[in-house]
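Structure file start.cif (mmCIF, C-alpha atoms) follows.
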data_run
#
loop_
_atom_site.label_atom_id
_atom_site.label_comp_id
_atom_site.auth_asym_id
_atom_site.auth_seq_id
_atom_site.Cartn_x
_atom_site.Cartn_y
_atom_site.Cartn_z
CA MET W 1 13.87 -58.22 11.02
CA ALA W 2 13.79 -55.86 8.05
CA THR W 3 10.78 -53.68 7.51
CA ASP W 4 9.62 -52.35 4.18
CA SER W 5 10.15 -48.61 3.83
CA PRO W 6 7.03 -46.65 2.90
CA GLU W 7 6.87 -45.54 -0.69
CA LEU W 8 6.97 -41.80 -1.25
CA THR W 9 4.75 -40.46 -4.00
CA LEU W 10 5.67 -37.07 -5.38
CA SER W 11 2.98 -35.08 -7.11
CA LEU W 12 4.43 -32.65 -9.60
CA PRO W 13 2.67 -29.30 -9.65
CA THR W 14 0.65 -28.78 -12.78
CA LYS W 15 1.90 -25.92 -14.89
CA LYS W 16 -0.46 -23.01 -15.28
CA PRO W 17 -1.28 -22.47 -18.95
CA GLN W 18 0.58 -19.48 -20.34
CA PRO W 19 -1.64 -16.64 -21.61
CA ILE W 20 -1.61 -16.00 -25.34
CA PRO W 21 0.57 -12.94 -26.08
CA TRP W 22 -1.04 -9.81 -27.48
CA THR W 23 -0.61 -9.32 -31.21
CA HIS W 24 0.23 -5.96 -32.79
CA GLN W 25 -3.27 -5.68 -34.26
CA GLU W 26 -4.92 -6.49 -30.93
CA THR W 27 -2.82 -3.87 -29.13
CA ILE W 28 -3.65 -1.11 -31.63
CA ASN W 29 -7.37 -1.95 -31.55
CA LEU W 30 -7.28 -2.01 -27.74
CA ILE W 31 -5.73 1.47 -27.53
CA ARG W 32 -8.28 2.91 -29.96
CA ALA W 33 -11.26 1.16 -28.38
CA TYR W 34 -10.18 2.30 -24.92
CA GLN W 35 -9.68 5.83 -26.23
CA ASP W 36 -13.23 5.95 -27.61
CA LYS W 37 -14.74 4.65 -24.38
CA TRP W 38 -12.50 6.80 -22.13
CA TYR W 39 -13.32 10.00 -24.01
CA SER W 40 -17.04 9.18 -23.96
CA LEU W 41 -16.78 9.00 -20.15
CA LYS W 42 -15.01 12.40 -20.00
CA ARG W 43 -11.77 10.58 -19.05
CA GLY W 44 -13.47 8.87 -16.14
CA PRO W 45 -12.53 5.38 -14.90
CA LEU W 46 -14.04 2.41 -16.72
CA ARG W 47 -16.27 -0.03 -14.86
CA GLY W 48 -16.43 -3.78 -15.34
CA SER W 49 -19.23 -3.71 -17.91
CA GLN W 50 -17.43 -0.98 -19.86
CA TRP W 51 -14.27 -3.08 -19.99
CA GLU W 52 -16.46 -5.88 -21.36
CA GLU W 53 -17.57 -3.51 -24.14
CA VAL W 54 -13.93 -2.67 -24.90
CA ALA W 55 -13.08 -6.39 -25.14
CA VAL W 56 -16.01 -6.96 -27.52
CA VAL W 57 -14.90 -4.06 -29.73
CA VAL W 58 -11.32 -5.37 -29.85
CA ALA W 59 -12.54 -8.83 -30.87
CA ALA W 60 -14.89 -7.36 -33.49
CA ARG W 61 -12.23 -5.11 -35.02
CA CYS W 62 -9.80 -8.04 -35.15
CA GLY W 63 -12.45 -10.09 -36.97
CA TYR W 64 -12.63 -12.81 -34.33
CA ASP W 65 -15.62 -15.13 -34.22
CA TYR W 66 -17.19 -17.08 -31.33
CA ASN W 67 -14.61 -19.88 -31.43
CA HIS W 68 -11.52 -17.64 -31.50
CA PRO W 69 -9.72 -17.14 -28.14
CA SER W 70 -10.26 -13.39 -27.86
CA LYS W 71 -8.98 -11.31 -24.95
CA THR W 72 -11.13 -10.91 -21.82
CA ALA W 73 -12.11 -7.66 -20.11
CA LEU W 74 -9.57 -8.31 -17.34
CA GLN W 75 -6.79 -8.91 -19.87
CA CYS W 76 -7.69 -5.66 -21.65
CA ARG W 77 -7.56 -3.75 -18.38
CA HIS W 78 -4.17 -5.19 -17.37
CA LYS W 79 -2.76 -4.56 -20.85
CA MET W 80 -3.82 -0.89 -20.77
CA GLU W 81 -2.24 -0.46 -17.33
CA LYS W 82 1.05 -1.82 -18.68
CA LEU W 83 0.85 0.39 -21.77
CA ARG W 84 0.28 3.51 -19.66
CA GLN W 85 3.17 2.60 -17.36
CA ARG W 86 5.43 2.08 -20.38
CA HIS W 87 4.31 5.41 -21.87
CA ARG W 88 5.14 7.27 -18.66
CA SER W 89 8.55 5.60 -18.57
CA GLU W 90 9.27 6.46 -22.21
CA LYS W 91 8.12 10.05 -21.67
CA ARG W 92 10.45 10.48 -18.68
CA ARG W 93 13.30 9.08 -20.75
CA LEU W 94 12.42 11.43 -23.60
CA THR W 95 12.47 14.41 -21.23
CA ALA W 96 15.79 13.34 -19.73
CA THR W 97 17.55 12.77 -23.05
CA SER W 98 15.82 15.58 -25.03
CA SER W 99 15.81 13.30 -28.06
CA VAL W 100 13.11 11.82 -30.27
CA ALA W 101 14.98 8.52 -30.50
CA SER W 102 13.31 7.29 -27.29
CA SER W 103 9.82 7.83 -28.66
CA ARG W 104 10.68 6.15 -31.96
CA SER W 105 12.06 3.07 -30.20
CA TRP W 106 8.59 2.13 -28.89
CA GLN W 107 6.03 1.59 -31.61
CA TYR W 108 3.01 2.54 -29.47
CA PHE W 109 4.40 5.82 -28.13
CA ARG W 110 2.53 8.04 -30.62
CA LEU W 111 -0.81 6.29 -30.04
CA MET W 112 -0.44 6.44 -26.26
CA ASP W 113 0.75 10.05 -26.39
CA ASP W 114 -2.31 11.04 -28.44
CA LEU W 115 -4.48 9.10 -25.99
CA GLU W 116 -3.10 10.91 -22.94
CA ARG W 117 -3.08 14.37 -24.52
CA GLY W 118 -6.48 14.03 -26.16
CA PRO W 119 -8.09 16.46 -28.61
CA LEU W 120 -7.27 20.10 -27.95
CA PRO W 121 -10.24 22.11 -26.63
CA ILE W 122 -11.35 25.21 -28.53
CA SER W 123 -10.02 27.52 -25.79
CA VAL W 124 -6.41 26.44 -26.33
CA ARG W 125 -6.42 26.18 -30.11
CA PRO W 126 -4.05 28.65 -31.80
CA LEU W 127 -5.67 31.91 -32.84
CA SER W 128 -4.66 34.10 -35.74
CA HIS W 129 -2.69 37.25 -34.84
CA ASN W 130 -3.99 40.51 -36.32
CA HIS W 131 -1.64 43.40 -37.07
CA PRO W 132 -2.42 46.88 -35.70
CA ILE W 133 -5.02 48.69 -37.78
CA SER W 134 -3.59 51.79 -39.42
CA ASP W 135 -6.54 53.04 -41.47
CA ASP W 136 -10.04 52.15 -42.62
CA SER W 137 -8.85 49.73 -45.30
CA ASP W 138 -6.72 47.87 -42.78
CA GLY W 139 -9.68 47.77 -40.40
CA ALA W 140 -11.93 46.33 -43.07
CA ALA W 141 -9.32 43.72 -43.95
CA ALA W 142 -8.90 42.82 -40.28
CA ARG W 143 -12.65 42.46 -39.82
CA SER W 144 -12.81 40.31 -42.94
CA ARG W 145 -10.02 38.07 -41.63
CA SER W 146 -11.74 37.87 -38.26
CA ILE W 147 -15.05 36.80 -39.83
CA HIS W 148 -13.17 34.34 -42.02
CA ASN W 149 -11.44 32.85 -38.98
CA ILE W 150 -14.75 32.55 -37.13
CA LEU W 151 -16.34 30.76 -40.09
CA ASN W 152 -13.34 28.45 -40.44
CA GLN W 153 -13.42 27.72 -36.72
CA LYS W 154 -17.13 26.90 -36.95
CA GLN W 155 -16.50 24.59 -39.89
CA ARG W 156 -13.71 22.84 -37.99
CA ASP W 157 -15.97 22.39 -34.97
CA GLU W 158 -18.72 20.97 -37.17
CA THR W 159 -16.19 18.65 -38.83
CA ASP W 160 -15.02 17.42 -35.42
CA GLU W 161 -18.62 16.74 -34.38
CA GLU W 162 -19.28 14.89 -37.64
CA GLU W 163 -16.14 12.77 -37.13
CA GLU W 164 -17.26 11.92 -33.60
CA ASP W 165 -20.72 10.95 -34.92
CA VAL W 166 -19.16 8.79 -37.63
CA MET W 167 -16.89 7.14 -35.05
CA ALA W 168 -19.83 6.45 -32.74
CA LYS W 169 -21.93 5.04 -35.61
CA GLY W 170 -19.01 2.86 -36.73
CA LEU W 171 -18.55 1.54 -33.21
CA THR W 172 -22.27 0.79 -32.94
CA ALA W 173 -22.22 -1.02 -36.29
CA GLU W 174 -19.25 -3.13 -35.23
CA LEU W 175 -20.92 -4.08 -31.97
CA ARG W 176 -24.14 -4.96 -33.81
CA SER W 177 -22.25 -7.06 -36.38
CA PHE W 178 -20.36 -8.92 -33.66
CA ALA W 179 -23.57 -9.51 -31.70
CA GLU W 180 -25.29 -10.85 -34.84
CA ARG W 181 -22.44 -13.31 -35.40
CA ILE W 182 -22.68 -14.49 -31.80
CA ILE W 183 -26.45 -14.91 -32.08
CA GLY W 184 -26.04 -16.82 -35.35
CA LEU W 185 -23.55 -19.20 -33.79
CA GLU W 186 -25.78 -19.71 -30.75
CA ASN W 187 -28.76 -20.48 -33.00
CA MET W 188 -26.66 -22.97 -34.95
CA LYS W 189 -25.58 -24.58 -31.70
CA MET W 190 -29.20 -24.86 -30.51
CA GLU W 191 -30.24 -26.42 -33.83
CA MET W 192 -27.48 -29.00 -33.53
CA MET W 193 -28.57 -29.79 -29.98
CA LYS W 194 -32.19 -30.19 -31.12
CA GLU W 195 -31.12 -32.47 -33.98
CA THR W 196 -29.01 -34.58 -31.62
CA GLU W 197 -31.89 -34.89 -29.15
CA ARG W 198 -34.31 -35.84 -31.94
CA PHE W 199 -31.92 -38.54 -33.17
CA ARG W 200 -31.50 -39.85 -29.62
CA LEU W 201 -35.28 -40.11 -29.15
CA GLU W 202 -35.67 -41.94 -32.46
CA MET W 203 -33.01 -44.45 -31.50
CA GLU W 204 -34.59 -44.92 -28.07
CA ASN W 205 -38.03 -45.54 -29.62
CA LYS W 206 -36.51 -47.97 -32.07
CA ARG W 207 -34.81 -49.85 -29.26
CA ILE W 208 -38.08 -50.07 -27.29
CA ARG W 209 -39.95 -51.37 -30.35
CA MET W 210 -37.32 -54.04 -30.90
CA ILE W 211 -37.59 -55.15 -27.25
CA LEU W 212 -41.39 -55.30 -27.45
CA GLU W 213 -41.33 -57.22 -30.72
CA SER W 214 -38.85 -59.68 -29.26
CA GLN W 215 -41.04 -60.19 -26.20
CA TRP W 216 -44.13 -60.71 -28.36
CA ARG W 217 -42.28 -63.31 -30.41
CA ILE W 218 -41.29 -65.15 -27.23
CA VAL W 219 -44.86 -65.05 -25.91
CA ASP W 220 -46.20 -66.19 -29.27
CA SER W 221 -43.70 -69.06 -29.43
CA ILE W 222 -44.60 -70.18 -25.91
CA GLY W 223 -48.31 -70.02 -26.76
CA LYS W 224 -47.84 -72.08 -29.89
CA ALA W 225 -45.74 -74.63 -28.00
CA PHE W 226 -48.41 -75.13 -25.33
CA GLY W 227 -51.17 -75.15 -27.94
CA SER W 228 -49.61 -77.94 -29.95
CA SER W 229 -48.91 -80.16 -26.92
#
What does this structure look like when you write it as structure tokens?
Amino acid sequence: MATDSPELTLSLPTKKPQPIPWTHQETINLIRAYQDKWYSLKRGPLRGSQWEEVAVVVAARCGYDYNHPSKTALQCRHKMEKLRQRHRSEKRRLTATSSVASSRSWQYFRLMDDLERGPLPISVRPLSHNHPISDDSDGAAARSRSIHNILNQKQRDETDEEEEDVMAKGLTAELRSFAERIIGLENMKMEMMKETERFRLEMENKRIRMILESQWRIVDSIGKAFGSS
């Protein structure tokens, strides 16, 4: 006697959605936003909330709004790790070949190299070399050049501080603008929810009135029928 063979059901594994690749603009804004945050922490490691700030800055500088699929803090962190690994690899290749062709082949080498090297401190900035003083006139000229160098150095330091202040103010303004857009979208969403709820209540009240009116008509018809009999 033949028996039916059990049917085998195969469940195909669902494919994991592929992440959206990083654009050139997103990558540049990520490097610069990370550089600002990393330098502000004296090159210390970033925490989770600080990576969130970096992700917000990247989205703001790219002009993304609330509905745009911007990169998360975790994606920003993983992308920076890959960029730093690639930079180290390119730098080793550059040292081995002693050629600038390796650095030119990767478009983010200069940005990552500036990030890793950072601004030069005052102690290692090149100083002007004075010639030996032969007489009083040479001594006066040397002192004049020395004072001039000191004043120029002070002006450069003040310029660097002003640039850092401008960068910090610009970053704050971008964060504020992005936060205002988010708040505006949230307010719009709340207004739409309120309007939807108000419409639902009106329709519910209308439905109840129609039911009551129908019941009153039935009761009135029954009363008239018994009254006329």
Practice task
Rounded to one decimal place, report the atom CA of W:Thr27-atom CA of W:His68 distance in Å.
Solution key: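 These two atoms are separated by 16.5 Å.
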Completion exercise
Of W:Arg61, W:Cys76, W:Val219, W:Met112, the one nearest to W:Ser89 when counting all atoms listed in the file is W:Met112
Exercise for the section: Would you kindly return, as a PyMOL selection string, each protein, DNA or RNA residue with an atom no farther than 12 Å from any atom of W:Tyr64, considering only C-alpha atoms and excluding same-chain residues fewer than 5 positions away? Expected result: chain W and resi 25-26+55-59+69-71+174+177-179+181-182
Practice task
Quote the spacing between atom CA of W:Leu83 and atom CA of W:Tyr108 in Å to one decimal place.
Solution key: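 That distance, rounded to one decimal, is 8.3 Å.
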Fill in the blank from the handout: In Å and to one decimal, atom CA of W:Glu197 is distant from atom CA of W:Gln215 by 27.1 Å
Practice task
Would you kindly return, as a ChimeraX atom specification, each protein, DNA or RNA residue with an atom no farther than 8 Å from any atom of stretch 31-38 of chain W, considering only C-alpha atoms and excluding same-chain residues fewer than 6 positions away?
Solution key: /W:44-46,50,54,57-58,80,111-112,115
For the residues selected in the previous step, produce a file with C-alpha atoms as a PDB file, keeping the file's coordinate frame.
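Output contents, as saved in part.pdb:
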ATOM      1  CA  GLY W  44     -13.470   8.870 -16.140  1.00  0.00           C
ATOM      2  CA  PRO W  45     -12.530   5.380 -14.900  1.00  0.00           C
ATOM      3  CA  LEU W  46     -14.040   2.410 -16.720  1.00  0.00           C
ATOM      4  CA  GLN W  50     -17.430  -0.980 -19.860  1.00  0.00           C
ATOM      5  CA  VAL W  54     -13.930  -2.670 -24.900  1.00  0.00           C
ATOM      6  CA  VAL W  57     -14.900  -4.060 -29.730  1.00  0.00           C
ATOM      7  CA  VAL W  58     -11.320  -5.370 -29.850  1.00  0.00           C
ATOM      8  CA  MET W  80      -3.820  -0.890 -20.770  1.00  0.00           C
ATOM      9  CA  LEU W 111      -0.810   6.290 -30.040  1.00  0.00           C
ATOM     10  CA  MET W 112      -0.440   6.440 -26.260  1.00  0.00           C
ATOM     11  CA  LEU W 115      -4.480   9.100 -25.990  1.00  0.00           C
TER      12      LEU W 115
END
Excluding W:Glu52 and its own-chain neighbours fewer than 4 positions away, which residues fall within 8 Å of it when counting all atoms listed in the file? Please give them as a PDB file with C-alpha atoms, keeping the file's coordinate frame.
ATOM      1  CA  GLY W  48     -16.430  -3.780 -15.340  1.00  0.00           C
ATOM      2  CA  VAL W  56     -16.010  -6.960 -27.520  1.00  0.00           C
ATOM      3  CA  THR W  72     -11.130 -10.910 -21.820  1.00  0.00           C
ATOM      4  CA  ALA W  73     -12.110  -7.660 -20.110  1.00  0.00           C
TER       5      ALA W  73
END
Return the padded bounding box of stretch 221-228 of chain W as lines of an AutoDock Vina configuration file: axis-aligned, built from all atoms listed in the file, 8 Å added on each side, with centre and edge lengths in Å to one decimal.
center_x = -47.4
center_y = -73.5
center_z = -27.6
size_x = 23.5
size_y = 24.9
size_z = 20.6
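Among the candidate residues W:Ala96, W:Ser214, W:Ala60, W:Asp114, the one lying nearest to W:Arg176 is W:Ala60, with distances computed using all atoms listed in the file.
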Practice task
Name the closest residue to W:Phe109 among the candidates W:Ala173, W:Ile20, W:Leu185, W:Ile28; distances are taken between atoms, counting all atoms listed in the file.
Solution key: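 Ranked by minimum distance to W:Phe109, first place goes to W:Ile28.
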